[in-house]
Amino acid sequence: MPRLPRHSAAAFLPATVTLASLQSAAAACTGCDLYKQATQTVFGEGDAHARLLFVGEQPGDQEDREGRPFVGPSGRILDRALAEVGIDRRLVYVTNAVKHFKWEPQGKRRKHKKPTASEIAACKPWLDAELRVVQPDAVVCLGVTAAQAVFGHPVRLQDFRGKGQHLPSVGMVFVTIHPSAVLRSPDPQQREKAYQSFVTDLRSVGVQLKHRAA
Ligand code: URA
């Protein structure tokens with residue numbers, strides 16, 4: 001008999017799968033230890049029939065408090081870039097590879113801590129279920145943690161950036177930087193360069209999808 005992973009969200013999935021049933025079941029997920037530290041589960045949100053599904057890493061401090069993905073500083077970068085390429089955020093679906101905020105104390109702050117491969121794998125049933133319900137034309141991975149969740153193995157940004165890949169179980173997958181990489185750039189010029197490269201990647205998703213549809 002195949003061995004089940006020690007940590008997994010699989011047992012928490014509802015019998016009937018809709019975005020609403022998934023969100024309410026995920027609120028009670030204790031499939032790995034990250035729920036212990038977090039305020040709440042931050043499930044994906046957006047259009048249930050979205051053509052584009054964005055995957056981030058995990059909720060940040062503000063998302064953990066508000067219970068919604070990408071509402072903090074990284075979300076503002078994402079919103080600005082989406083607006084710049086003419087994508088309405090209300091028409092996409094936005095989620096994370098890991099649904100609980102992982103952090104460590106740094107003075108009075110809660111400092112983001114990268115999820116491990118086993119935490120990413122444990123949370124994958126939620127992402128798989130979101131993908132099954134939404135059935136987007138394309139998935140955009142924001143950063144390598146998202147890409148690791150979607151591809152099921154570690155991914156180097158430079159190997160995947162700029163070109164779409166077709167994954168049989170998912171469809172078209174694109175990989176770009178996480179918007180926090182823009183915020184982490186050391187000076188305004190580099191921040192602008194990183195931001196423009198993010199915008200270019202998002203624009204190219206639209207172009208490549210149009211070419212495939214033509
Ligand atoms: N970073 C992420 O990856 N996801 C969020 O929801 C917020 C910040």
# chains A, B, ... in the order shown; residues from 1 in each chain; ligands from 1
>>> closest_atom_pairs(of="chain A", to="ligand 1", cutoff="10 Å", atoms="only C-alpha atoms and all ligand atoms", output="tab-separated table")
residue	atom	partner	partner_atom_place_in_ligand_line	distance
A:Val42	CA	ligand 1	6 (O)	7.7
A:Phe43	CA	ligand 1	6 (O)	9.0
A:Gly44	CA	ligand 1	6 (O)	8.5
A:Phe54	CA	ligand 1	4 (N)	9.8
A:Val55	CA	ligand 1	3 (O)	7.4
A:Gly56	CA	ligand 1	3 (O)	3.7
A:Glu57	CA	ligand 1	3 (O)	3.5
A:Gln58	CA	ligand 1	3 (O)	4.4
A:Pro59	CA	ligand 1	6 (O)	3.8
A:Gly60	CA	ligand 1	8 (C)	4.5
A:Asp61	CA	ligand 1	7 (C)	7.9
A:Gln62	CA	ligand 1	7 (C)	7.8
A:Glu63	CA	ligand 1	6 (O)	5.9
A:Asp64	CA	ligand 1	6 (O)	8.4
A:Gly67	CA	ligand 1	6 (O)	9.2
A:Arg68	CA	ligand 1	6 (O)	7.0
A:Pro69	CA	ligand 1	6 (O)	3.6
A:Phe70	CA	ligand 1	6 (O)	3.7
A:Val71	CA	ligand 1	7 (C)	6.7
A:Gly72	CA	ligand 1	7 (C)	6.3
A:Pro73	CA	ligand 1	8 (C)	7.5
A:Ser74	CA	ligand 1	8 (C)	5.3
A:Gly75	CA	ligand 1	7 (C)	6.2
A:Arg76	CA	ligand 1	7 (C)	9.6
A:Leu78	CA	ligand 1	8 (C)	9.7
A:Val94	CA	ligand 1	6 (O)	8.1
A:Thr95	CA	ligand 1	6 (O)	6.8
A:Asn96	CA	ligand 1	4 (N)	5.7
A:Ala97	CA	ligand 1	3 (O)	7.8
A:Val98	CA	ligand 1	3 (O)	8.4
A:Lys99	CA	ligand 1	6 (O)	8.5
A:His100	CA	ligand 1	6 (O)	9.6
A:Phe101	CA	ligand 1	5 (C)	8.8
A:His112	CA	ligand 1	1 (N)	9.2
A:Lys114	CA	ligand 1	3 (O)	10.0
A:Cys141	CA	ligand 1	3 (O)	9.7
A:Leu142	CA	ligand 1	3 (O)	7.2
A:Gly143	CA	ligand 1	3 (O)	8.0
A:Thr145	CA	ligand 1	3 (O)	8.5
A:Ala146	CA	ligand 1	3 (O)	8.0
A:His178	CA	ligand 1	3 (O)	7.0
A:Pro179	CA	ligand 1	1 (N)	7.7
A:Ser180	CA	ligand 1	1 (N)	7.0
>>> select_by_dssp(residues="range 19-197 of chain A", states="helix (DSSP H, G or I)", output="PyMOL selection string")
chain A and resi 19-26+33-36+61-66+73-84+89-91+117-134+144-151+157-160+179-184+188-197
>>> residues_around(residues="Phe198 in chain A", least_positions_apart="2", cutoff="12 Å", atoms="only C-alpha atoms", output="PyMOL selection string")
chain A and resi 77-82+84-85+140-143+161-162+174-183+191-196+200-205
